[in-house]
Structure formats: C-alpha cells, structure tokens
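Listing of target02.cif, mmCIF, C-alpha atoms
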```cif
data_run
#
loop_
_atom_site.label_atom_id
_atom_site.label_comp_id
_atom_site.auth_asym_id
_atom_site.auth_seq_id
_atom_site.Cartn_x
_atom_site.Cartn_y
_atom_site.Cartn_z
CA MET A 1 1.95 13.56 -8.70
CA LEU A 2 -1.34 15.31 -7.95
CA GLN A 3 -1.13 17.17 -11.25
CA ALA A 4 -0.91 13.89 -13.16
CA PHE A 5 -4.60 13.19 -12.60
CA GLU A 6 -7.19 14.85 -14.76
CA PRO A 7 -8.50 17.05 -13.31
CA PRO A 8 -5.68 17.51 -10.77
CA LEU A 9 -6.62 16.31 -7.30
CA ASP A 10 -7.77 19.20 -5.12
CA MET A 11 -6.37 18.35 -1.69
CA SER A 12 -8.23 21.33 -0.19
CA GLN A 13 -11.28 19.05 -0.14
CA ASP A 14 -11.97 17.18 3.08
CA VAL A 15 -10.40 13.92 1.96
CA ASP A 16 -9.89 12.91 5.57
CA GLY A 17 -13.51 13.37 6.56
CA CYS A 18 -13.65 9.98 8.30
CA LYS A 19 -10.26 10.26 9.89
CA ASP A 20 -9.48 9.54 13.50
CA PRO A 21 -7.32 12.41 14.82
CA HIS A 22 -4.95 9.89 16.43
CA LEU A 23 -4.06 8.31 13.14
CA GLU A 24 -0.46 7.21 12.86
CA ASN A 25 2.18 5.20 14.63
CA PHE A 26 5.59 5.86 13.09
CA GLU A 27 7.60 3.59 15.37
CA HIS A 28 6.82 0.79 12.97
CA GLY A 29 8.06 2.56 9.92
CA HIS A 30 4.93 1.68 8.03
CA CYS A 31 2.47 4.45 7.37
CA HIS A 32 -0.69 3.34 9.09
CA SER A 33 -3.45 5.93 9.03
CA GLU A 34 -7.07 6.04 9.94
CA GLU A 35 -8.34 7.98 6.97
CA ARG A 36 -11.09 6.02 5.28
CA ASN A 37 -10.84 5.91 1.52
CA ALA A 38 -13.69 5.62 -0.86
CA SER A 39 -14.16 1.90 -1.16
CA SER A 40 -13.40 1.54 -4.82
CA CYS A 41 -11.60 -1.14 -6.73
CA GLN A 42 -8.97 -0.54 -9.38
CA SER A 43 -8.43 -3.31 -11.89
CA ALA A 44 -5.53 -3.57 -14.27
CA SER A 45 -5.44 -5.29 -17.61
CA THR A 46 -2.24 -6.69 -19.01
CA SER A 47 -1.44 -3.22 -20.30
CA GLY A 48 -1.03 -2.10 -16.71
CA ARG A 49 -3.78 0.51 -16.80
CA MET A 50 -5.94 0.46 -13.71
CA CYS A 51 -9.65 1.06 -13.51
CA CYS A 52 -12.10 1.07 -10.66
CA SER A 53 -15.50 -0.24 -9.81
CA ASN A 54 -17.71 0.33 -6.80
CA HIS A 55 -16.58 -2.78 -4.90
CA ALA A 56 -18.03 -1.88 -1.54
CA GLN A 57 -19.72 0.93 0.30
CA ALA A 58 -17.82 4.19 0.16
CA CYS A 59 -16.88 5.77 3.45
CA SER A 60 -17.57 9.24 2.18
CA GLN A 61 -19.41 10.46 -0.89
CA GLU A 62 -17.01 13.39 -1.16
CA LYS A 63 -14.03 11.07 -1.43
CA SER A 64 -15.85 8.82 -3.85
CA ASN A 65 -16.35 11.80 -6.15
CA ILE A 66 -12.71 12.78 -5.88
CA MET A 67 -11.46 9.30 -6.78
CA SER A 68 -13.78 8.61 -9.71
CA ASN A 69 -12.90 10.58 -12.83
CA PRO A 70 -14.26 8.79 -15.91
CA THR A 71 -12.18 8.87 -19.08
CA THR A 72 -12.21 6.61 -22.07
CA GLU A 73 -8.47 5.93 -22.05
CA LEU A 74 -8.59 3.56 -19.09
CA GLN A 75 -11.67 1.57 -20.05
CA GLU A 76 -9.69 -1.64 -20.57
CA VAL A 77 -11.01 -4.12 -18.01
CA LYS A 78 -14.02 -6.21 -18.94
CA SER A 79 -16.10 -7.56 -16.12
CA GLU A 80 -19.67 -8.19 -15.12
CA GLN A 81 -19.45 -4.92 -13.25
CA GLN A 82 -19.19 -1.59 -15.02
CA HIS A 83 -15.72 -0.14 -14.55
CA GLU A 84 -14.64 3.45 -14.54
CA PRO A 85 -11.09 4.67 -13.95
CA ILE A 86 -10.07 5.67 -10.50
CA PHE A 87 -7.97 8.51 -11.86
CA GLY A 88 -7.63 10.17 -15.23
CA SER A 89 -4.63 10.14 -17.52
CA GLY A 90 -1.48 12.16 -17.04
CA ALA A 91 -1.73 15.85 -17.63
CA GLY A 92 1.74 16.17 -19.15
CA GLU A 93 5.07 16.99 -17.62
CA VAL A 94 5.93 20.26 -15.93
CA GLU A 95 9.02 22.06 -17.16
CA ASN A 96 11.84 22.39 -14.67
CA ASN A 97 11.54 26.18 -14.51
CA ASN A 98 7.91 25.99 -13.52
CA GLU A 99 8.67 23.32 -10.92
CA ILE A 100 11.27 25.58 -9.32
CA ALA A 101 8.93 28.55 -9.43
CA GLU A 102 6.19 26.58 -7.73
CA CYS A 103 8.54 25.60 -4.92
CA CYS A 104 10.31 28.91 -4.44
CA SER A 105 7.73 31.59 -5.41
CA ASN A 106 7.98 34.30 -8.08
CA ASP A 107 11.24 35.79 -6.84
CA VAL A 108 13.27 32.92 -8.33
CA ALA A 109 15.43 33.62 -11.39
CA ASP A 110 17.07 31.19 -13.77
CA SER A 111 20.75 31.01 -14.60
CA ASN A 112 20.34 33.84 -17.09
CA GLY A 113 18.74 36.12 -14.54
CA ASN A 114 15.23 35.76 -15.92
CA ALA A 115 12.58 35.97 -13.26
CA PHE A 116 9.97 33.27 -13.23
CA SER A 117 6.32 34.10 -13.46
CA SER A 118 3.78 33.16 -10.82
CA PRO A 119 3.30 29.46 -10.00
CA HIS A 120 1.62 27.16 -12.48
CA ASP A 121 -2.09 27.91 -12.63
CA TRP A 122 -3.01 24.42 -11.40
CA LEU A 123 -1.53 25.30 -8.01
CA ASP A 124 -4.31 27.77 -7.25
CA PRO A 125 -4.83 29.40 -3.85
CA SER A 126 -7.16 26.61 -2.75
CA LEU A 127 -4.18 24.23 -2.91
CA GLN A 128 -1.73 26.51 -1.12
CA LEU A 129 -2.56 25.20 2.33
CA ASN A 130 -1.03 25.27 5.75
CA VAL A 131 -0.42 21.54 5.87
CA PRO A 132 -0.54 19.96 9.36
CA LEU A 133 2.73 18.42 10.44
CA VAL A 134 1.10 15.02 10.79
CA ASP A 135 0.28 15.13 7.07
CA VAL A 136 3.82 16.21 6.24
CA ASP A 137 5.04 13.17 8.17
CA LYS A 138 2.68 10.96 6.20
CA VAL A 139 4.11 12.23 2.92
CA ARG A 140 7.67 11.62 4.13
CA CYS A 141 6.66 8.12 5.16
CA ILE A 142 5.12 7.47 1.74
CA ILE A 143 8.36 8.59 0.07
CA ARG A 144 10.31 6.07 2.16
CA ASN A 145 7.80 3.40 1.10
CA ILE A 146 8.38 4.32 -2.54
CA VAL A 147 12.03 3.39 -2.05
CA ARG A 148 11.03 0.10 -0.40
CA ASP A 149 8.62 -0.92 -3.16
CA TRP A 150 9.77 0.80 -6.34
CA ALA A 151 13.50 1.55 -6.21
CA ALA A 152 16.58 -0.57 -6.78
CA GLU A 153 17.78 0.64 -3.38
CA GLY A 154 14.84 -1.19 -1.76
CA GLU A 155 15.65 -4.53 -3.38
CA LYS A 156 17.46 -5.89 -0.33
CA GLU A 157 14.47 -5.18 1.90
CA ARG A 158 12.06 -6.62 -0.67
CA ASN A 159 14.16 -9.76 -0.81
CA GLN A 160 13.92 -10.08 2.97
CA CYS A 161 10.13 -9.65 3.06
CA TYR A 162 8.59 -10.37 -0.32
CA LYS A 163 10.87 -13.07 -1.68
CA PRO A 164 10.00 -15.69 1.01
CA ILE A 165 6.31 -15.01 0.44
CA LEU A 166 6.59 -15.34 -3.33
CA GLU A 167 8.61 -18.54 -3.06
CA GLU A 168 6.07 -20.03 -0.65
CA LEU A 169 3.13 -19.09 -2.88
CA ASP A 170 4.87 -20.64 -5.85
CA ALA A 171 5.46 -23.84 -3.88
CA GLN A 172 1.89 -23.99 -2.57
CA PHE A 173 0.36 -23.68 -6.05
CA PRO A 174 2.79 -25.55 -8.33
CA ASN A 175 0.32 -26.40 -11.09
CA ARG A 176 -1.37 -23.07 -11.67
CA SER A 177 -3.78 -22.91 -14.55
CA LYS A 178 -3.53 -19.98 -16.95
CA GLU A 179 -7.18 -20.44 -17.84
CA SER A 180 -8.32 -20.39 -14.20
CA PRO A 181 -5.57 -18.87 -12.03
CA PRO A 182 -5.81 -19.07 -8.25
CA ALA A 183 -7.00 -15.91 -6.51
CA CYS A 184 -4.82 -14.19 -3.91
CA LEU A 185 -5.75 -11.27 -1.68
CA VAL A 186 -3.10 -8.92 -0.24
CA PRO A 187 -4.56 -6.79 2.58
CA GLY A 188 -2.45 -3.77 3.52
CA ALA A 189 -0.91 -3.76 0.06
CA GLY A 190 0.65 -0.31 0.46
CA LEU A 191 2.13 0.86 -2.84
CA GLY A 192 1.24 -2.36 -4.62
CA ARG A 193 4.59 -3.98 -5.41
CA LEU A 194 3.93 -7.26 -3.59
CA ALA A 195 0.46 -7.57 -5.13
CA LEU A 196 1.96 -6.93 -8.57
CA GLU A 197 4.71 -9.52 -8.04
CA ILE A 198 2.07 -12.07 -7.02
CA SER A 199 0.14 -11.27 -10.19
CA CYS A 200 3.31 -11.83 -12.22
CA LEU A 201 3.56 -15.31 -10.67
CA GLY A 202 0.27 -16.24 -12.34
CA PHE A 203 -2.31 -15.38 -9.68
CA ILE A 204 -5.41 -13.24 -9.88
CA SER A 205 -4.07 -10.78 -7.34
CA GLN A 206 -5.96 -8.07 -5.50
CA GLY A 207 -4.30 -5.58 -3.19
CA ASN A 208 -6.36 -3.90 -0.50
CA GLU A 209 -5.30 -0.58 0.99
CA PHE A 210 -7.14 2.10 2.92
CA SER A 211 -4.57 4.86 3.17
CA TYR A 212 -5.62 7.61 0.78
CA TYR A 213 -1.99 8.66 0.43
CA MET A 214 -0.90 5.14 -0.48
CA MET A 215 -3.70 4.80 -3.05
CA ILE A 216 -2.79 8.07 -4.79
CA CYS A 217 0.86 7.07 -5.02
CA SER A 218 0.29 3.47 -6.12
CA SER A 219 -2.17 4.58 -8.80
CA PHE A 220 0.33 7.13 -10.07
CA ILE A 221 3.19 4.62 -10.32
CA LEU A 222 1.08 1.82 -11.80
CA ASN A 223 -0.81 4.00 -14.28
CA HIS A 224 1.57 6.76 -15.29
CA THR A 225 4.93 5.03 -15.57
CA GLU A 226 6.30 5.04 -19.13
CA THR A 227 9.84 3.82 -18.46
CA THR A 228 12.07 2.63 -15.64
CA GLY A 229 13.82 5.36 -13.66
CA GLN A 230 11.37 7.92 -14.96
CA TRP A 231 11.36 10.04 -11.82
CA THR A 232 13.99 11.15 -9.33
CA ILE A 233 13.22 11.55 -5.63
CA TYR A 234 15.34 12.51 -2.64
CA PRO A 235 13.88 10.28 0.09
CA TRP A 236 16.41 10.99 2.84
CA ILE A 237 16.69 14.75 2.47
CA HIS A 238 14.65 15.33 5.65
CA SER A 239 16.60 12.75 7.66
CA ASN A 240 19.05 14.92 9.58
CA CYS A 241 20.23 12.30 12.05
CA ASN A 242 22.68 9.41 11.66
CA SER A 243 23.96 10.48 8.23
CA LEU A 244 27.50 9.41 7.35
CA SER A 245 27.87 12.26 4.87
CA ASP A 246 25.96 15.07 3.21
CA ASN A 247 26.01 13.11 -0.02
CA ASP A 248 24.23 10.21 1.66
CA GLN A 249 21.47 12.49 2.87
CA LEU A 250 21.12 14.30 -0.45
CA ARG A 251 21.50 11.33 -2.79
CA PRO A 252 18.90 10.90 -5.53
CA VAL A 253 16.92 7.71 -6.03
CA LEU A 254 15.41 6.79 -9.39
CA ILE A 255 11.93 5.26 -9.51
CA PRO A 256 10.48 2.93 -10.53
CA ASP A 257 13.02 0.15 -10.96
CA ILE A 258 10.65 -1.76 -13.27
CA HIS A 259 7.97 -0.78 -15.75
CA PRO A 260 4.77 -2.12 -14.16
CA ALA A 261 2.85 -2.48 -17.43
CA SER A 262 5.65 -4.63 -18.87
CA ALA A 263 6.13 -6.82 -15.80
CA GLY A 264 3.89 -9.63 -17.06
CA ILE A 265 0.88 -9.24 -14.80
CA THR A 266 -1.99 -11.71 -14.89
CA GLU A 267 -5.35 -10.49 -16.14
CA GLY A 268 -7.50 -9.52 -13.16
CA PHE A 269 -4.83 -7.71 -11.12
CA SER A 270 -6.56 -5.02 -9.05
CA MET A 271 -6.20 -2.62 -6.13
CA CYS A 272 -9.20 -2.20 -3.86
CA GLY A 273 -9.44 0.89 -1.67
CA GLY A 274 -11.23 0.60 1.64
CA ASP A 275 -10.99 -0.64 5.21
CA PHE A 276 -10.22 -4.38 5.26
CA VAL A 277 -12.95 -5.17 7.79
CA GLU A 278 -15.60 -3.09 6.02
CA VAL A 279 -14.84 -4.39 2.53
CA TYR A 280 -14.23 -8.09 3.18
CA ASN A 281 -16.57 -8.75 6.11
CA ASP A 282 -19.33 -9.27 3.58
CA SER A 283 -21.25 -12.37 2.61
CA SER A 284 -20.14 -12.01 -1.02
CA GLN A 285 -16.53 -12.60 0.09
CA ILE A 286 -17.08 -15.89 1.92
CA GLY A 287 -14.89 -18.66 0.50
CA VAL A 288 -13.71 -16.57 -2.45
CA TRP A 289 -9.91 -16.60 -2.08
CA ASP A 290 -7.42 -19.41 -2.62
CA ALA A 291 -4.73 -17.53 -0.69
CA VAL A 292 -4.40 -14.52 1.59
CA VAL A 293 -1.00 -12.87 2.02
CA THR A 294 -0.42 -10.46 4.92
CA CYS A 295 2.89 -8.61 5.10
CA PHE A 296 3.41 -6.16 8.00
CA PHE A 297 -0.38 -6.02 8.27
CA ILE A 298 -2.03 -7.95 11.09
CA ASP A 299 -0.73 -5.61 13.80
CA THR A 300 -2.52 -2.67 12.18
CA ALA A 301 -5.80 -3.95 13.65
CA HIS A 302 -7.77 -2.52 16.52
CA ASN A 303 -8.88 -6.10 17.04
CA ILE A 304 -6.53 -8.70 15.60
CA ILE A 305 -9.05 -11.44 16.40
CA GLU A 306 -11.47 -9.83 13.95
CA TYR A 307 -8.80 -9.81 11.26
CA ILE A 308 -8.10 -13.52 11.75
CA GLU A 309 -11.79 -14.38 11.71
CA ILE A 310 -12.32 -12.52 8.42
CA ILE A 311 -9.25 -14.11 6.83
CA SER A 312 -10.66 -17.52 7.75
CA ARG A 313 -14.11 -16.67 6.36
CA ILE A 314 -12.91 -15.39 3.00
CA LEU A 315 -10.54 -18.30 2.33
CA LYS A 316 -11.76 -21.38 0.52
CA GLU A 317 -11.53 -24.66 2.39
CA GLY A 318 -7.94 -25.78 2.04
CA GLY A 319 -6.92 -22.20 1.29
CA VAL A 320 -3.55 -20.83 2.39
CA TRP A 321 -2.74 -17.89 4.69
CA ILE A 322 0.86 -16.68 4.42
CA ASN A 323 1.87 -14.09 7.01
CA PHE A 324 5.05 -12.06 7.45
CA GLY A 325 5.70 -9.37 10.04
CA PRO A 326 6.07 -8.34 13.68
CA LEU A 327 3.43 -7.51 16.29
CA LEU A 328 3.94 -3.80 16.85
CA TYR A 329 0.30 -3.02 17.48
CA HIS A 330 -0.46 0.37 15.99
CA PHE A 331 -3.12 1.39 18.49
CA ALA A 332 -1.26 0.27 21.61
CA ASP A 333 -0.93 2.88 24.34
CA MET A 334 -3.59 5.13 22.80
CA TYR A 335 -6.06 6.26 25.40
CA GLY A 336 -9.05 8.54 25.68
CA GLN A 337 -11.03 7.63 22.57
CA GLU A 338 -13.58 4.86 22.25
CA ASP A 339 -12.45 3.89 18.74
CA ASP A 340 -8.83 3.56 19.86
CA MET A 341 -9.44 0.11 21.32
CA SER A 342 -6.46 -2.16 20.87
CA ILE A 343 -6.19 -5.88 21.50
CA GLU A 344 -2.53 -6.85 21.80
CA LEU A 345 -1.82 -10.56 21.80
CA SER A 346 1.47 -12.41 21.97
CA LEU A 347 2.57 -14.44 18.97
CA GLU A 348 1.65 -17.59 20.87
CA ASP A 349 -1.88 -16.31 21.46
CA VAL A 350 -2.25 -15.12 17.85
CA LYS A 351 -1.56 -18.66 16.69
CA LYS A 352 -4.04 -20.07 19.21
CA ILE A 353 -6.72 -17.74 17.85
CA ALA A 354 -5.87 -18.86 14.32
CA PHE A 355 -6.24 -22.51 15.34
CA HIS A 356 -9.62 -21.65 16.87
CA TYR A 357 -10.79 -20.31 13.52
CA GLY A 358 -9.88 -23.46 11.68
CA PHE A 359 -6.25 -22.98 10.67
CA GLU A 360 -3.50 -25.55 10.78
CA LEU A 361 0.13 -24.48 10.99
CA GLU A 362 2.24 -25.96 8.19
CA LYS A 363 5.44 -23.91 8.30
CA GLU A 364 6.90 -21.33 10.66
CA GLN A 365 10.17 -19.48 11.00
CA THR A 366 11.60 -16.14 12.12
CA ILE A 367 13.21 -13.85 9.55
CA GLU A 368 15.26 -10.77 10.37
CA THR A 369 14.31 -7.73 8.32
CA THR A 370 14.12 -3.95 8.23
CA TYR A 371 11.24 -1.71 7.17
CA THR A 372 11.71 1.46 5.07
CA THR A 373 15.18 1.78 6.53
CA ASN A 374 17.84 4.02 5.00
CA PRO A 375 20.55 1.48 4.13
CA ARG A 376 23.27 4.11 4.63
CA SER A 377 22.05 5.32 8.01
CA MET A 378 24.12 4.85 11.16
CA MET A 379 20.98 3.52 12.87
CA GLN A 380 19.30 0.36 11.61
CA ASN A 381 16.11 -0.96 13.22
CA HIS A 382 15.66 -4.69 12.70
CA TYR A 383 12.60 -6.89 13.23
CA HIS A 384 12.58 -10.59 13.94
CA ALA A 385 9.46 -11.11 11.87
CA ALA A 386 7.15 -14.08 12.18
CA PHE A 387 6.77 -15.93 8.88
CA TRP A 388 4.23 -18.70 8.65
CA THR A 389 2.06 -20.70 6.33
CA MET A 390 -1.32 -21.81 7.66
CA ARG A 391 -4.02 -23.76 5.88
CA LYS A 392 -7.75 -23.56 6.47
CA LYS A 393 -9.06 -26.99 7.40
CA ARG A 394 -11.43 -28.71 5.05
CA THR A 395 -14.84 -29.53 6.46
CA THR A 396 -15.24 -33.27 6.93
CA THR A 397 -18.56 -34.72 5.77
CA THR A 398 -20.05 -37.88 7.18
#
```
Could I get this file's structure written as structure tokens?
Amino acid sequence: MLQAFEPPLDMSQDVDGCKDPHLENFEHGHCHSEERNASSCQSASTSGRMCCSNHAQACSQEKSNIMSNPTTELQEVKSEQQHEPIFGSGAGEVENNNEIAECCSNDVADSNGNAFSSPHDWLDPSLQLNVPLVDVDKVRCIIRNIVRDWAAEGEKERNQCYKPILEELDAQFPNRSKESPPACLVPGAGLGRLALEISCLGFISQGNEFSYYMMICSSFILNHTETTGQWTIYPWIHSNCNSLSDNDQLRPVLIPDIHPASAGITEGFSMCGGDFVEVYNDSSQIGVWDAVVTCFFIDTAHNIIEYIEIISRILKEGGVWINFGPLLYHFADMYGQEDDMSIELSLEDVKKIAFHYGFELEKEQTIETTYTTNPRSMMQNHYHAAFWTMRKKRTTTT
C-alpha cells in the first residue's frame, strides 16, 4: 500500500510529530488516534480520482510535505482553489516472489529451490523499523475497518449502521437538485465508504478524518482500485481467541467489494484530512452545510459540547444532523496529562446540550449493531446505538 504512492511513503519520517502518546482506545473497536494529519482536502471527480487542496492549517509542515506529491494524472477537479493530488499514482504491482522475499528475508527459496535476492529496493534500511506495538495495533485495527467498509463480509454491519443513515438522508432531501446538490459533511469518515455512499445518493459529500493511517488507506482504495476484489487480505490472522476453526482465522477476504470510481459519485466528493475542531471551527464554515452525519464519532471528543457547538455553527438554518453510535468516550479514565481532558455526558445530557445549541429532535430510536466484529468469532460485542435526526432551528425574524 505504501509502495503504491509515488514516491513511496517513507514511514521513517516523523509522521506522528503532533501525536499524544496516549492515543488509542481499542475497547470501542474503532481506531481513534491522536496523530494530527496535515490538514489537506482530497476531492474526487466522477472518475474517482482524488486530489487535495490546502483546506485548513496543517498541523505539521513535515506531514504536509509527505502528503502532497504533485502529478499531472490526478489533476481532475476544477475549483476556485488550486488542487494538487494528495498522493501520486500507483507504482505498479509487486511480483509474488518479491513480496515473499520482503516478508521473509533473503533466505527464502521458491518451489524450484531458487533463492530470492535481497528485498525490493524500495524497502530500504530507513523503512526497516522497529515498529512500536501500539502502531502494530493501529494497523490491525485499520485492517478490520477495511472489512467493515470495503468487503462483502462487512455488508451486514454496514446495513446496521450506514443503511438507516442513508435512508434518513434520502427522506430528508427528497427533491435533490442535480444542478445544486445539498452538501453533507461526514466527520470521522474513517475509510470513506459512508461518505462515498452519501455522494452516490446525490449529495456533495465531504468526509473528514484525522487518522493518518485511515487517510493513507482510504486514499489507496479510492484512488488505486481498478476492479472489485482486486486485493486479498487476511484480517483475522492475528485473532487467536474465540476462533471456531483454523480456517475461520486464516480465511481470505477480497477487497474492495465495489469499484469506487464506478459507483456513481456526485461531483464534489472529497476527503478532508485534519482535526474536526481545528478544520471546521472557522468562520468560513459557518452555515455552509445542509446536513452533518456522525457515525461512531461524537464520543471521540475530549469535549463533546464543543463538537455539538461546531456542528450547530456549520449547519445552515433548517439543516439536519443525523447521528448514529454509542457513548464510549475515548478519553475516559485517562489521567496525568493536561490534554487528556474528557467530558463524559449521558445520552440524556447530550440531547439537552444539543437543544441548548438550537437543535430540535425529530426522530430517535435505538439500533443494535456491532463494530469491526469478526462475524465468525465466538465472542460478539454489541452496541445499542443511539440513532437520531435533529434539525437546527430557523431564526425567527420580527
């Protein structure tokens, strides 16, 4: 995946320069991390290619340099802003022999007894790192999210979480104009499937994500996919507990289950990298969005009140906020660091805060769902997720 970008991403650089050392809570199943990405915005044309523009202040100049690699191939989005691609084009496929050699060193031989040469030259010594276990866990978590968003095996979970949201959006905007589509923001967009599905409904959809790992993976799938089932992953190979059989643990999963560029996206689909508060707490964002969709997102906040306030500010009057998810606050029970503040409100209090910031509750229900769960595991964690539709009140003039 790293090799697909031109030049290949050098992960020996300090891409986590703004990272809080206490950066993940894996109880949730979603990969929340505190690394700050370069605040750049990828836009996709109907061809599915994604480009970026400097949408907000970058957290780190080093990361901004890493994520901006101009090529002419991806210059497809026309806007008032100058766009440059967030990543370059694919660097070609690696032959199986080289892949094995890279994983197993030069002592590996093929079925004919031929010894492989040294690893591919792109995997130079600067990339052969002692990776911290926390980063290994992040990669494993990303792989589980790939199944959730981009594999047929994740369809059941997507139907539990995404389908109610998509149906509600469709009902809230029944007469969408192709000439002037409504704009929908998806904070915490992860690997981009929900934002893409919203775009396919006829919305100008923008996903926002600040996990560097998520952004690399989503860009790869959205930009470098040529056909469905193009790649094979083994997402459960590290899951040694609660397996019914060895075959369950070792089973392959083909990704992606759709070809993103052929999905029928609406012009203007984009992915914006950066912290939600830093990017959207800006005067240029006030009253911009017709809808905001949050799925397993609001409990990622240090201060959920701040999230709600920003969502209210960026929505147009009469705009819709659709939320889906639990309240497993990611920074709960973290002590000893000033920036590990966590405000943990009950669902009742979250709604009261929303009412304070001008929202009216239109619909509410509880939906049972899982999150990045192995469907063949003996252990299944279920959430009773809150699902609501709120509308920002219109200002009355006298």
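The space separating atom CA of Arg391 of chain A from atom CA of Phe355 of chain A comes to 9.8 Å.
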Chain and number of each residue from the PyMOL selection byres ((chain A and resi 158) around 12), as a ChimeraX atom specification: /A:145-157,159-166,193-194,197,295,369-373
Shortest interatomic distance to Ile216 of chain A - which of A:Val136, A:Ile142, A:Ile265, A:Leu345, counting all atoms listed in the file: A:Ile142
Residue contacts of Phe387 of chain A (7 Å, only C-alpha atoms) excluding same-chain residues fewer than 6 positions away, as a ChimeraX atom specification: /A:323-325,364-367
Residues within 10 Å of (-2.1, 6.8, -3.5), counting only C-alpha atoms, listed as a VMD selection string: chain A and resid 1 to 2 142 190 to 192 209 to 221 273
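By only C-alpha atoms, and with residues fewer than 3 positions from segment 296-301 of chain A along its chain excluded, the set lying at most 6 Å from it is Gly188, Ile304, Gly325, Leu327, Leu328, Tyr329 and His330 of chain A.
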Separation of atom CA of Glu368 of chain A from atom CA of Ile314 of chain A in Å: 29.5 Å
Selection dump of the PyMOL selection byres ((chain A and resi 251) around 8), as a PyMOL selection string: chain A and resi 234+236-237+247-250+252-253
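Closest to Asn208 of chain A among A:Thr266, A:Arg144, A:Trp231, A:Val292 is A:Val292, based on only C-alpha atoms.
Going from atom CA of Pro181 of chain A over to atom CA of Thr396 of chain A, you cover 25.7 Å.
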Non-local contacts of Ser312 of chain A (9 Å; only C-alpha atoms; under 3 positions in same chain excluded) as a PyMOL selection string: chain A and resi 286-287+307-309+315-317+319+321+354+357-359+392
Write out the residues from the selection above, keeping C-alpha atoms, as a PDB file, in the frame of the given file.
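File result.pdb, as written:
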```pdb
ATOM      1  CA  ILE A 286     -17.080 -15.890   1.920  1.00  0.00           C
ATOM      2  CA  GLY A 287     -14.890 -18.660   0.500  1.00  0.00           C
ATOM      3  CA  TYR A 307      -8.800  -9.810  11.260  1.00  0.00           C
ATOM      4  CA  ILE A 308      -8.100 -13.520  11.750  1.00  0.00           C
ATOM      5  CA  GLU A 309     -11.790 -14.380  11.710  1.00  0.00           C
ATOM      6  CA  LEU A 315     -10.540 -18.300   2.330  1.00  0.00           C
ATOM      7  CA  LYS A 316     -11.760 -21.380   0.520  1.00  0.00           C
ATOM      8  CA  GLU A 317     -11.530 -24.660   2.390  1.00  0.00           C
ATOM      9  CA  GLY A 319      -6.920 -22.200   1.290  1.00  0.00           C
ATOM     10  CA  TRP A 321      -2.740 -17.890   4.690  1.00  0.00           C
ATOM     11  CA  ALA A 354      -5.870 -18.860  14.320  1.00  0.00           C
ATOM     12  CA  TYR A 357     -10.790 -20.310  13.520  1.00  0.00           C
ATOM     13  CA  GLY A 358      -9.880 -23.460  11.680  1.00  0.00           C
ATOM     14  CA  PHE A 359      -6.250 -22.980  10.670  1.00  0.00           C
ATOM     15  CA  LYS A 392      -7.750 -23.560   6.470  1.00  0.00           C
TER      16      LYS A 392
END
```
Pick from A:Glu6, A:Asn303, A:Arg394, A:Ser180, whichever lies nearest to Met341 of chain A using only C-alpha atoms: A:Asn303
As JSON, what would the box around segment 208-214 of chain A look like: edges along x, y and z, 8 Å added on every side, centre and edge lengths in Å to one decimal?
```
{"center_x": -4.0, "center_y": 2.4, "center_z": 1.3, "size_x": 22.2, "size_y": 28.6, "size_z": 19.7}
```
When you write segment 301-306 of chain A out from the block above, keep all heavy atoms and present the result as a short mmCIF file (atom, residue, chain, number, x, y, z; two decimals), in the first residue's frame, please.
```cif
data_model
loop_
_atom_site.label_atom_id
_atom_site.label_comp_id
_atom_site.auth_asym_id
_atom_site.auth_seq_id
_atom_site.Cartn_x
_atom_site.Cartn_y
_atom_site.Cartn_z
N ALA A 301 -14.58 12.76 21.16
CA ALA A 301 -14.21 14.11 21.57
C ALA A 301 -13.60 14.15 22.97
O ALA A 301 -13.99 13.38 23.85
CB ALA A 301 -15.45 15.01 21.55
N HIS A 302 -12.65 15.05 23.14
CA HIS A 302 -12.26 15.43 24.51
C HIS A 302 -13.42 16.16 25.16
O HIS A 302 -13.69 15.99 26.35
CB HIS A 302 -11.04 16.36 24.47
CG HIS A 302 -9.75 15.67 24.18
ND1 HIS A 302 -9.08 14.93 25.13
CD2 HIS A 302 -9.01 15.60 23.05
CE1 HIS A 302 -7.96 14.45 24.60
NE2 HIS A 302 -7.91 14.85 23.34
N ASN A 303 -14.07 17.00 24.37
CA ASN A 303 -15.17 17.83 24.87
C ASN A 303 -16.33 17.72 23.91
O ASN A 303 -16.38 18.40 22.88
CB ASN A 303 -14.69 19.28 25.00
CG ASN A 303 -15.76 20.20 25.56
OD1 ASN A 303 -16.92 19.81 25.74
ND2 ASN A 303 -15.39 21.45 25.84
N ILE A 304 -17.29 16.86 24.20
CA ILE A 304 -18.41 16.62 23.31
C ILE A 304 -19.26 17.87 23.13
O ILE A 304 -19.89 18.06 22.08
CB ILE A 304 -19.25 15.43 23.82
CG1 ILE A 304 -20.27 14.99 22.74
CG2 ILE A 304 -19.94 15.77 25.13
CD1 ILE A 304 -21.01 13.73 23.10
N ILE A 305 -19.25 18.76 24.11
CA ILE A 305 -20.01 20.00 23.99
C ILE A 305 -19.46 20.84 22.84
O ILE A 305 -20.21 21.45 22.07
CB ILE A 305 -19.98 20.79 25.32
CG1 ILE A 305 -20.58 19.95 26.45
CG2 ILE A 305 -20.70 22.13 25.18
CD1 ILE A 305 -20.42 20.57 27.82
N GLU A 306 -18.14 20.85 22.71
CA GLU A 306 -17.50 21.60 21.63
C GLU A 306 -17.89 21.02 20.27
O GLU A 306 -18.16 21.77 19.32
CB GLU A 306 -15.99 21.56 21.80
CG GLU A 306 -15.22 22.43 20.82
CD GLU A 306 -13.74 22.43 21.11
OE1 GLU A 306 -13.20 21.38 21.52
OE2 GLU A 306 -13.09 23.48 20.92
#
```
